[in-house]
Structures are given as structure tokens and as C-alpha cells.
$ cat entry04.cif   # mmCIF, C-alpha atoms
data_input
#
loop_
_atom_site.group_PDB
_atom_site.id
_atom_site.type_symbol
_atom_site.label_atom_id
_atom_site.label_comp_id
_atom_site.auth_asym_id
_atom_site.auth_seq_id
_atom_site.Cartn_x
_atom_site.Cartn_y
_atom_site.Cartn_z
ATOM 1 C CA MET P 358 -3.493 26.069 64.735
ATOM 2 C CA PRO P 359 -2.817 22.352 65.503
ATOM 3 C CA ASP P 360 -5.496 21.350 62.961
ATOM 4 C CA SER P 361 -3.907 23.608 60.370
ATOM 5 C CA LEU P 362 -0.457 22.174 61.071
ATOM 6 C CA SER P 363 -1.816 18.649 60.819
ATOM 7 C CA MET P 364 -3.389 19.438 57.450
ATOM 8 C CA TRP P 365 -0.121 20.802 56.061
ATOM 9 C CA VAL P 366 1.810 17.788 57.324
ATOM 10 C CA THR P 367 -0.704 15.469 55.653
ATOM 11 C CA LEU P 368 -0.417 17.340 52.360
ATOM 12 C CA ALA P 369 3.370 17.273 52.516
ATOM 13 C CA VAL P 370 3.453 13.526 53.178
ATOM 14 C CA THR P 371 0.976 12.897 50.340
ATOM 15 C CA ALA P 372 3.046 14.956 47.919
ATOM 16 C CA TRP P 373 6.193 13.083 48.944
ATOM 17 C CA MET P 374 4.540 9.696 48.422
ATOM 18 C CA VAL P 375 3.270 10.728 44.967
ATOM 19 C CA SER P 376 6.772 11.890 44.032
ATOM 20 C CA LEU P 377 8.073 8.388 44.681
ATOM 21 C CA VAL P 378 6.020 7.032 41.776
ATOM 22 C CA PRO P 379 6.582 9.555 38.980
ATOM 23 C CA GLY P 380 4.433 9.088 35.942
ATOM 24 C CA TYR P 381 1.970 6.764 37.668
ATOM 25 C CA GLU P 382 -1.028 8.712 36.442
ATOM 26 C CA ASN P 383 0.573 8.971 33.013
ATOM 27 C CA THR P 384 1.112 5.223 32.928
ATOM 28 C CA VAL P 385 -2.496 4.327 33.607
ATOM 29 C CA SER P 386 -3.765 6.969 31.196
ATOM 30 C CA LEU P 387 -2.316 5.133 28.178
ATOM 31 C CA PRO P 388 -4.399 2.311 26.675
ATOM 32 C CA ASP P 389 -3.345 -1.296 27.069
ATOM 33 C CA ILE P 390 -2.938 -3.617 24.091
ATOM 34 C CA GLU P 391 -6.106 -5.425 25.145
ATOM 35 C CA ASN P 392 -8.178 -2.228 25.031
ATOM 36 C CA GLU P 393 -10.877 -2.706 22.382
ATOM 37 C CA ASP P 394 -11.108 0.980 21.468
ATOM 38 C CA PHE P 395 -7.329 1.155 21.101
ATOM 39 C CA ILE P 396 -7.362 -1.857 18.778
ATOM 40 C CA LYS P 397 -10.212 -0.434 16.693
ATOM 41 C CA ASP P 398 -8.418 2.915 16.349
ATOM 42 C CA CYS P 399 -5.166 1.272 15.267
ATOM 43 C CA VAL P 400 -6.962 -0.706 12.566
ATOM 44 C CA ARG P 401 -9.358 2.036 11.509
ATOM 45 C CA PHE P 402 -6.853 4.856 11.016
ATOM 46 C CA HIS P 403 -4.393 2.663 9.164
ATOM 47 C CA ASN P 404 -7.173 1.620 6.793
ATOM 48 C CA LYS P 405 -8.447 5.191 6.488
ATOM 49 C CA PHE P 406 -5.125 6.450 5.158
ATOM 50 C CA ARG P 407 -4.617 3.350 3.010
ATOM 51 C CA SER P 408 -7.977 3.909 1.339
ATOM 52 C CA GLU P 409 -7.168 7.553 0.528
ATOM 53 C CA VAL P 410 -3.809 7.189 -1.243
ATOM 54 C CA TYR P 411 -3.161 9.159 -4.415
ATOM 55 C CA PRO P 412 -2.482 8.009 -7.041
ATOM 56 C CA ARG P 413 -5.184 5.442 -6.347
ATOM 57 C CA ALA P 414 -4.140 1.907 -5.433
ATOM 58 C CA SER P 415 -5.467 -1.117 -7.292
ATOM 59 C CA ASP P 416 -4.172 -3.744 -4.865
ATOM 60 C CA MET P 417 -4.349 -2.232 -1.357
ATOM 61 C CA LEU P 418 -5.243 -4.861 1.247
ATOM 62 C CA TYR P 419 -7.474 -4.118 4.232
ATOM 63 C CA MET P 420 -5.576 -4.356 7.533
ATOM 64 C CA THR P 421 -6.814 -6.390 10.486
ATOM 65 C CA TRP P 422 -5.414 -6.869 13.993
ATOM 66 C CA LYS P 423 -2.872 -9.601 14.716
ATOM 67 C CA MET P 424 -2.535 -10.550 18.364
ATOM 68 C CA SER P 425 0.815 -12.309 17.990
ATOM 69 C CA ILE P 426 2.377 -9.277 16.276
ATOM 70 C CA HIS P 427 1.277 -6.708 18.848
ATOM 71 C CA GLY P 428 3.016 -8.731 21.574
ATOM 72 C CA GLY P 429 6.364 -8.067 19.912
ATOM 73 C CA ALA P 430 5.582 -4.365 19.681
ATOM 74 C CA LYS P 431 4.722 -4.231 23.388
ATOM 75 C CA THR P 432 7.861 -6.098 24.431
ATOM 76 C CA TRP P 433 10.118 -3.816 22.396
ATOM 77 C CA ALA P 434 8.310 -0.649 23.513
ATOM 78 C CA ARG P 435 9.145 -1.436 27.135
ATOM 79 C CA ASN P 436 12.801 -0.742 26.328
ATOM 80 C CA CYS P 437 11.863 2.935 25.773
ATOM 81 C CA GLN P 438 14.357 3.273 22.915
ATOM 82 C CA PHE P 439 13.641 5.202 19.747
ATOM 83 C CA LYS P 440 15.128 2.625 17.403
ATOM 84 C CA HIS P 441 13.921 -0.440 15.541
ATOM 85 C CA ASN P 442 13.652 -3.862 17.106
ATOM 86 C CA VAL P 443 16.922 -5.715 16.627
ATOM 87 C CA GLU P 444 14.964 -8.917 15.909
ATOM 88 C CA LEU P 445 13.316 -7.504 12.768
ATOM 89 C CA HIS P 446 15.998 -9.010 10.541
ATOM 90 C CA SER P 447 14.982 -12.425 11.914
ATOM 91 C CA SER P 448 11.233 -12.041 11.582
ATOM 92 C CA TYR P 449 10.517 -15.709 12.268
ATOM 93 C CA LYS P 450 11.293 -14.851 15.890
ATOM 94 C CA LEU P 451 8.473 -12.268 15.839
ATOM 95 C CA HIS P 452 5.981 -14.199 13.718
ATOM 96 C CA PRO P 453 6.510 -17.541 11.960
ATOM 97 C CA ASN P 454 4.043 -16.845 9.137
ATOM 98 C CA PHE P 455 5.791 -13.749 7.756
ATOM 99 C CA SER P 456 9.222 -13.732 6.132
ATOM 100 C CA PHE P 457 9.585 -10.100 7.144
ATOM 101 C CA VAL P 458 7.838 -7.988 9.771
ATOM 102 C CA GLY P 459 7.771 -4.192 9.350
ATOM 103 C CA GLU P 460 7.821 -1.607 12.114
ATOM 104 C CA ASN P 461 6.903 2.054 12.657
ATOM 105 C CA ILE P 462 7.876 4.071 15.740
ATOM 106 C CA TRP P 463 6.454 7.319 17.141
ATOM 107 C CA ALA P 464 7.570 9.200 20.253
ATOM 108 C CA GLY P 465 6.207 12.362 21.839
ATOM 109 C CA SER P 466 4.735 13.931 24.932
ATOM 110 C CA LEU P 467 1.745 12.313 26.592
ATOM 111 C CA SER P 468 -0.400 15.341 25.804
ATOM 112 C CA LEU P 469 0.307 14.920 22.070
ATOM 113 C CA PHE P 470 -0.289 11.188 21.829
ATOM 114 C CA SER P 471 -3.311 9.633 20.226
ATOM 115 C CA VAL P 472 -3.481 6.753 17.784
ATOM 116 C CA SER P 473 -4.857 9.020 15.070
ATOM 117 C CA SER P 474 -2.204 11.731 15.498
ATOM 118 C CA ALA P 475 0.683 9.240 15.550
ATOM 119 C CA ILE P 476 -0.456 7.473 12.366
ATOM 120 C CA ALA P 477 -1.192 10.853 10.760
ATOM 121 C CA ASP P 478 2.397 11.921 11.488
ATOM 122 C CA TRP P 479 3.643 8.821 9.691
ATOM 123 C CA TYR P 480 1.307 9.416 6.756
ATOM 124 C CA ASP P 481 2.357 13.077 6.504
ATOM 125 C CA GLU P 482 5.761 11.907 5.291
ATOM 126 C CA LEU P 483 3.954 11.643 1.945
ATOM 127 C CA GLN P 484 5.176 15.203 1.296
ATOM 128 C CA TYR P 485 8.733 13.840 1.020
ATOM 129 C CA TYR P 486 7.872 10.906 -1.238
ATOM 130 C CA ASP P 487 7.490 10.954 -5.039
ATOM 131 C CA PHE P 488 5.445 7.980 -6.221
ATOM 132 C CA ARG P 489 6.409 8.435 -9.889
ATOM 133 C CA THR P 490 10.156 8.306 -9.266
ATOM 134 C CA HIS P 491 9.995 6.256 -6.036
ATOM 135 C CA LYS P 492 12.387 8.735 -4.426
ATOM 136 C CA CYS P 493 12.379 10.253 -0.953
ATOM 137 C CA THR P 494 13.819 13.695 -0.146
ATOM 138 C CA GLN P 495 13.682 13.172 3.627
ATOM 139 C CA VAL P 496 12.395 10.455 5.958
ATOM 140 C CA CYS P 497 9.406 8.700 4.352
ATOM 141 C CA GLY P 498 9.748 5.040 5.358
ATOM 142 C CA HIS P 499 6.954 5.356 7.925
ATOM 143 C CA TYR P 500 4.589 6.569 5.193
ATOM 144 C CA THR P 501 5.474 3.804 2.748
ATOM 145 C CA GLN P 502 4.936 1.197 5.470
ATOM 146 C CA VAL P 503 1.500 2.591 6.370
ATOM 147 C CA VAL P 504 0.443 2.287 2.708
ATOM 148 C CA TRP P 505 2.339 -0.887 1.871
ATOM 149 C CA ALA P 506 -0.306 -2.736 -0.142
ATOM 150 C CA ALA P 507 0.736 -6.270 0.819
ATOM 151 C CA SER P 508 0.664 -5.619 4.584
ATOM 152 C CA TYR P 509 -2.633 -6.947 5.905
ATOM 153 C CA LYS P 510 -1.891 -7.529 9.592
ATOM 154 C CA VAL P 511 -1.010 -4.881 12.168
ATOM 155 C CA GLY P 512 -0.305 -4.976 15.895
ATOM 156 C CA CYS P 513 0.513 -1.920 17.995
ATOM 157 C CA ALA P 514 1.401 -0.957 21.567
ATOM 158 C CA VAL P 515 2.008 2.286 23.454
ATOM 159 C CA GLN P 516 4.331 2.569 26.431
ATOM 160 C CA TYR P 517 4.852 5.295 29.041
ATOM 161 C CA CYS P 518 8.553 6.174 29.286
ATOM 162 C CA SER P 519 10.129 8.393 31.907
ATOM 163 C CA SER P 520 12.798 8.944 29.245
ATOM 164 C CA VAL P 521 12.706 7.929 25.570
ATOM 165 C CA TYR P 522 16.336 7.167 24.804
ATOM 166 C CA GLY P 523 17.553 8.768 21.606
ATOM 167 C CA THR P 524 15.031 11.622 21.621
ATOM 168 C CA GLY P 525 15.504 13.737 24.757
ATOM 169 C CA ILE P 526 11.805 13.258 25.533
ATOM 170 C CA SER P 527 10.947 12.882 29.222
ATOM 171 C CA ASN P 528 7.674 11.501 30.588
ATOM 172 C CA GLY P 529 6.539 10.649 27.099
ATOM 173 C CA ALA P 530 4.747 8.010 25.058
ATOM 174 C CA LEU P 531 6.420 5.504 22.754
ATOM 175 C CA TYR P 532 4.023 4.072 20.155
ATOM 176 C CA ILE P 533 5.106 1.120 18.016
ATOM 177 C CA CYS P 534 3.280 -0.770 15.271
ATOM 178 C CA ASN P 535 4.404 -4.002 13.626
ATOM 179 C CA TYR P 536 3.191 -5.097 10.192
ATOM 180 C CA GLY P 537 2.945 -8.441 8.446
ATOM 181 C CA PRO P 538 4.311 -8.801 5.926
ATOM 182 C CA GLY P 539 6.621 -5.790 6.107
ATOM 183 C CA GLN P 540 7.742 -3.603 3.226
ATOM 184 C CA TYR P 541 10.760 -4.189 1.032
ATOM 185 C CA ARG P 542 12.499 -2.105 -1.643
ATOM 186 C CA SER P 543 9.765 -1.366 -4.168
ATOM 187 C CA ARG P 544 6.849 1.002 -4.708
ATOM 188 C CA PRO P 545 4.358 0.589 -1.869
ATOM 189 C CA TYR P 546 1.397 -0.230 -4.120
ATOM 190 C CA THR P 547 0.239 -0.550 -7.729
ATOM 191 C CA GLU P 548 -1.473 2.466 -9.264
ATOM 192 C CA GLY P 549 -4.886 1.838 -10.818
ATOM 193 C CA SER P 550 -8.636 1.660 -10.254
ATOM 194 C CA THR P 551 -9.423 0.712 -6.673
ATOM 195 C CA CYS P 552 -9.655 -3.038 -6.075
ATOM 196 C CA SER P 553 -9.034 -3.818 -9.762
ATOM 197 C CA ASP P 554 -5.931 -5.883 -8.902
ATOM 198 C CA CYS P 555 -7.135 -7.543 -5.732
ATOM 199 C CA PRO P 556 -6.159 -11.199 -5.286
ATOM 200 C CA ASN P 557 -8.621 -13.784 -6.588
ATOM 201 C CA ASP P 558 -11.775 -14.264 -4.474
ATOM 202 C CA ASP P 559 -11.301 -10.897 -2.726
ATOM 203 C CA GLN P 560 -14.083 -8.387 -2.282
ATOM 204 C CA CYS P 561 -13.879 -4.607 -2.010
ATOM 205 C CA LEU P 562 -14.557 -2.538 1.099
ATOM 206 C CA ASP P 563 -13.795 1.184 1.313
ATOM 207 C CA ASN P 564 -11.358 0.927 -1.641
ATOM 208 C CA LEU P 565 -9.523 -1.953 0.052
ATOM 209 C CA CYS P 566 -9.294 -5.672 -0.763
ATOM 210 C CA ILE P 567 -10.730 -8.031 1.856
ATOM 211 C CA ASN P 568 -10.846 -11.797 2.158
ATOM 212 C CA PRO P 569 -12.161 -13.444 5.340
ATOM 213 C CA GLN P 570 -10.085 -16.572 4.675
ATOM 214 C CA ARG P 571 -6.835 -14.607 4.458
ATOM 215 C CA ASP P 572 -7.697 -12.087 7.151
ATOM 216 C CA LYS P 573 -9.007 -14.715 9.610
ATOM 217 C CA VAL P 574 -11.744 -12.417 10.913
ATOM 218 C CA THR P 575 -15.502 -12.725 11.279
ATOM 219 C CA ARG P 576 -16.227 -8.996 11.172
ATOM 220 C CA TYR P 577 -14.905 -5.965 9.334
ATOM 221 C CA TYR P 578 -15.020 -2.360 10.518
ATOM 222 C CA SER P 579 -16.048 0.384 8.144
ATOM 223 C CA ILE P 580 -13.650 3.323 7.988
ATOM 224 C CA VAL P 581 -16.274 6.061 8.070
ATOM 225 C CA TYR P 582 -18.953 4.396 10.216
ATOM 226 C CA PRO P 583 -17.213 1.594 12.148
ATOM 227 C CA ASP P 584 -20.386 0.505 13.953
ATOM 228 C CA TRP P 585 -22.671 0.479 10.918
ATOM 229 C CA PRO P 586 -23.459 -2.649 8.851
ATOM 230 C CA ILE P 587 -20.901 -3.161 6.097
ATOM 231 C CA SER P 588 -21.700 -3.889 2.475
ATOM 232 C CA VAL P 589 -18.933 -5.315 0.316
ATOM 233 C CA ARG P 590 -18.560 -5.447 -3.433
ATOM 234 C CA ASN P 591 -16.383 -7.505 -5.719
ATOM 235 C CA LYS P 592 -13.533 -5.979 -7.698
ATOM 236 C CA ASN P 593 -15.396 -6.152 -11.040
ATOM 237 C CA LEU P 594 -18.264 -4.127 -9.610
ATOM 238 C CA SER P 595 -15.728 -1.701 -8.145
ATOM 239 C CA LEU P 596 -14.165 -1.226 -11.563
ATOM 240 C CA PHE P 597 -17.610 -0.737 -13.150
ATOM 241 C CA LEU P 598 -18.582 1.887 -10.568
ATOM 242 C CA THR P 599 -15.293 3.680 -11.193
ATOM 243 C CA VAL P 600 -15.538 3.919 -14.988
ATOM 244 C CA SER P 601 -19.304 4.177 -15.484
ATOM 245 C CA PRO P 602 -19.782 7.833 -14.387
ATOM 246 C CA PRO P 603 -17.391 9.297 -17.002
ATOM 247 C CA ILE P 604 -18.886 7.020 -19.681
ATOM 248 C CA LEU P 605 -22.386 8.193 -18.741
ATOM 249 C CA ILE P 606 -21.320 11.857 -18.856
ATOM 250 C CA LEU P 607 -19.632 11.330 -22.220
ATOM 251 C CA GLY P 608 -22.815 9.720 -23.560
ATOM 252 C CA ILE P 609 -24.961 12.661 -22.422
ATOM 253 C CA LEU P 610 -22.587 15.207 -23.970
ATOM 254 C CA THR P 611 -22.507 13.226 -27.220
ATOM 255 C CA THR P 612 -26.316 13.130 -27.350
ATOM 256 C CA ILE P 613 -26.545 16.906 -26.780
ATOM 257 C CA TRP P 614 -23.974 17.563 -29.525
ATOM 258 C CA VAL P 615 -25.707 15.273 -32.033
ATOM 259 C CA LYS P 616 -29.078 16.859 -31.239
ATOM 260 C CA HIS P 617 -27.644 20.309 -31.819
ATOM 261 C CA ARG P 618 -25.735 19.317 -34.966
ATOM 262 C CA TYR P 619 -28.453 17.201 -36.528
ATOM 263 C CA PRO P 620 -31.790 18.463 -35.169
ATOM 264 C CA GLN P 621 -33.693 16.700 -37.966
ATOM 265 C CA LEU P 622 -32.829 13.368 -36.367
ATOM 266 C CA PHE P 623 -34.942 14.317 -33.360
#
$ encode --input "entry04.cif" --output "C-alpha cells"
Amino acid sequence: MPDSLSMWVTLAVTAWMVSLVPGYENTVSLPDIENEDFIKDCVRFHNKFRSEVYPRASDMLYMTWKMSIHGGAKTWARNCQFKHNVELHSSYKLHPNFSFVGENIWAGSLSLFSVSSAIADWYDELQYYDFRTHKCTQVCGHYTQVVWAASYKVGCAVQYCSSVYGTGISNGALYICNYGPGQYRSRPYTEGSTCSDCPNDDQCLDNLCINPQRDKVTRYYSIVYPDWPISVRNKNLSLFLTVSPPILILGILTTIWVKHRYPQLF
């Protein structure tokens, strides 16, 4: 009996001590901004959705990670408020190289959070956006920022919050991404053949425009196979590969018709 009583006392004390640090396990379960897999996921899934836009984009830039931007996202996320950073209107305070820094915010339970699901939720606002008329029936600003063609730098952070103010969410995750440069009032990209309107000296990777000088990176990650060697192509080759299949098919059909109509020629 004494041993049993001692065991129960130990369990009670342990439970009490754990209760003093609510969310501790939740806190350590979320990735830090220095986590390499977290960084790769943030970059990869943004680029995945950017490469798949419809109508097709002719000038969509490939996104790469920006260390100085993600610091601002982390600092603001610590406030656990579901609202935009009040410093966004003075972007030079967040990053001196961009006249405007964009921002997307996601909040939800810890069990629902992943980088892919959060960015997918933003992209799903596509259903409320009409590219032809540039009108939005509901909230779609997160979508247009994800696919904003001129944004080529992204920095994100996720924060455990015992309460996310403005949402009613308790013990949740607040995920914030900042973008340079941010979007402004216009269509998010130019419709056309992929990479056909890339800036001069750019190459094409996964339907996106890349330039090591602009991006300041030594390595790119493929969207489909991020650990495989990457082959890049220039925008003229991209345009050729886009238009050549229909021209080839048209040529074959024309040859078949001529052969049927004028068999003496063959």
C-alpha cells in the first residue's frame, strides 16, 4: 500500500508540474525559422502553386528564401494576433531593398498545421478570384500574394500561441509569410506562354523565371524532385517547347489530309 500511495503522489506531482507549462510540447513540436526542412517546404510549396497558375503566367518569378524578411515574420508572429504587421506601410523598416513588403497570415489548431496545408488554404482562395475581370467575391488577397509574379523573396515563421487574438483559437499555430516585393493593386501576373516574358538574362525552371544574380542563391530546388539535379532552359526554348507540339500535330494532320485528297502526289 505505501508503494502504491507513493506512486500516485509522484504521478500527481508530475501532472501538476506539467500543467504549469501549458503548450510546452506544442511549442517544441513547431519548426524553428532555422529549420532547413521548414525553409525548403516554404519555398517549394510557394513555387509549386506559382508554377501551376491558370491562365498560365508568362512572367512568374521563382521564389527563394530571404533571411532578413523571415525575421520580421517571426517577430510579428510572437504577438499572437491575427492581423497584419503595423509596420507593413513602412516597409523600409522590414527590409531596405523593397519599397513594399507583402504578408500572408494563417491560424489554426496545431493538429491542422503544416506548411503545405497553410499555403494550400491561401491558394484555394482562387475560387473567389476572377482573373479576367480582376474581381474578388470574397477574401482572395492571400491567393493573389502567393501568385504575385514580381515577388521573388519569401520568409516565413510559425509560432505556438496559447490564444490567437482575433480568432478564438486556443493552443494553436500562427503562420506568417512575408514577401518582397509585395503586391499592389493590379493583376497578379501576365497571362501568356510560360517564361515568355521573363526579365532579360533569366532562365526557366518549372515554368518560373530564375536569375542567380537577382535571387542571390547558388542552388535552386526543383518543385517535383527537390533533391534531384536541376536543368534550366532559357525563355526562347520554353516558348519553342510550348508551341512546337501543336504545330507538329497540325503538320501531321495536314499531311494525312493532302495524302487522302491527292493520292497521286504520293
$ resolve_selection --input "entry04.cif" --expression "the PyMOL selection byres ((chain P and resi 418) around 10)" --output "VMD selection string"
chain P and resid 404 407 to 408 414 to 417 419 to 421 504 to 510 546 552 555 to 556 559 561 to 562 564 to 568 572
$ atom_distance --input "entry04.cif" --atom1 "CA of Gly523 (chain P)" --atom2 "CA of Lys440 (chain P)"
7.8 Å
$ atom_distance --input "entry04.cif" --atom1 "CA of Lys573 (chain P)" --atom2 "CA of Leu531 (chain P)"
28.6 Å
$ atom_distance --input "entry04.cif" --atom1 "CA of Val503 (chain P)" --atom2 "CA of Tyr532 (chain P)"
14.1 Å
$ resolve_selection --input "entry04.cif" --expression "the PyMOL selection byres ((chain P and resi 484) around 10)" --output "VMD selection string"
chain P and resid 480 to 483 485 to 487 493 to 497 500
$ closest_residue --input "entry04.cif" --among "P:Lys616, P:His403, P:Arg413, P:Lys423" --to "Glu391 (chain P)" --atoms "all atoms listed in the file"
P:Lys423
$ closest_residue --input "entry04.cif" --among "P:Tyr536, P:Tyr541, P:Trp614, P:Trp479" --to "Gly429 (chain P)" --atoms "all atoms listed in the file"
P:Tyr536
$ residues_near_point --input "entry04.cif" --point "(-9.4, 7.3, 18.6)" --cutoff "12 Å" --atoms "all atoms listed in the file" --output "ChimeraX atom specification"
/P:388,392-403,470-477,583
$ residues_around --input "entry04.cif" --residues "Lys405 (chain P)" --least-positions-apart "5" --cutoff "9 Å" --atoms "only C-alpha atoms" --output "list in words"
Val400, Asp563, Ile580 and Val581 of chain P
$ write_last_selection --input "entry04.cif" --atoms "C-alpha atoms" --output "PDB file, in the coordinates of the input"
ATOM      1  CA  VAL P 400      -6.962  -0.706  12.566  1.00  0.00           C
ATOM      2  CA  ASP P 563     -13.795   1.184   1.313  1.00  0.00           C
ATOM      3  CA  ILE P 580     -13.650   3.323   7.988  1.00  0.00           C
ATOM      4  CA  VAL P 581     -16.274   6.061   8.070  1.00  0.00           C
TER       5      VAL P 581
END
$ resolve_selection --input "entry04.cif" --expression "the PyMOL selection byres ((chain P and resi 439) around 12)" --output "MDAnalysis selection string"
chainID P and resid 433:438 440:443 460:465 516 518 520:526 529:533
$ write_last_selection --input "entry04.cif" --atoms "C-alpha atoms" --output "mmCIF file, in the frame of the given file"
data_model
loop_
_atom_site.group_PDB
_atom_site.id
_atom_site.type_symbol
_atom_site.label_atom_id
_atom_site.label_comp_id
_atom_site.auth_asym_id
_atom_site.auth_seq_id
_atom_site.Cartn_x
_atom_site.Cartn_y
_atom_site.Cartn_z
ATOM 1 C CA TRP P 433 10.118 -3.816 22.396
ATOM 2 C CA ALA P 434 8.310 -0.649 23.513
ATOM 3 C CA ARG P 435 9.145 -1.436 27.135
ATOM 4 C CA ASN P 436 12.801 -0.742 26.328
ATOM 5 C CA CYS P 437 11.863 2.935 25.773
ATOM 6 C CA GLN P 438 14.357 3.273 22.915
ATOM 7 C CA LYS P 440 15.128 2.625 17.403
ATOM 8 C CA HIS P 441 13.921 -0.440 15.541
ATOM 9 C CA ASN P 442 13.652 -3.862 17.106
ATOM 10 C CA VAL P 443 16.922 -5.715 16.627
ATOM 11 C CA GLU P 460 7.821 -1.607 12.114
ATOM 12 C CA ASN P 461 6.903 2.054 12.657
ATOM 13 C CA ILE P 462 7.876 4.071 15.740
ATOM 14 C CA TRP P 463 6.454 7.319 17.141
ATOM 15 C CA ALA P 464 7.570 9.200 20.253
ATOM 16 C CA GLY P 465 6.207 12.362 21.839
ATOM 17 C CA GLN P 516 4.331 2.569 26.431
ATOM 18 C CA CYS P 518 8.553 6.174 29.286
ATOM 19 C CA SER P 520 12.798 8.944 29.245
ATOM 20 C CA VAL P 521 12.706 7.929 25.570
ATOM 21 C CA TYR P 522 16.336 7.167 24.804
ATOM 22 C CA GLY P 523 17.553 8.768 21.606
ATOM 23 C CA THR P 524 15.031 11.622 21.621
ATOM 24 C CA GLY P 525 15.504 13.737 24.757
ATOM 25 C CA ILE P 526 11.805 13.258 25.533
ATOM 26 C CA GLY P 529 6.539 10.649 27.099
ATOM 27 C CA ALA P 530 4.747 8.010 25.058
ATOM 28 C CA LEU P 531 6.420 5.504 22.754
ATOM 29 C CA TYR P 532 4.023 4.072 20.155
ATOM 30 C CA ILE P 533 5.106 1.120 18.016
#
$ closest_residue --input "entry04.cif" --among "P:Glu548, P:Asn528, P:Asp558, P:Val574" --to "Leu467 (chain P)" --atoms "all atoms listed in the file"
P:Asn528
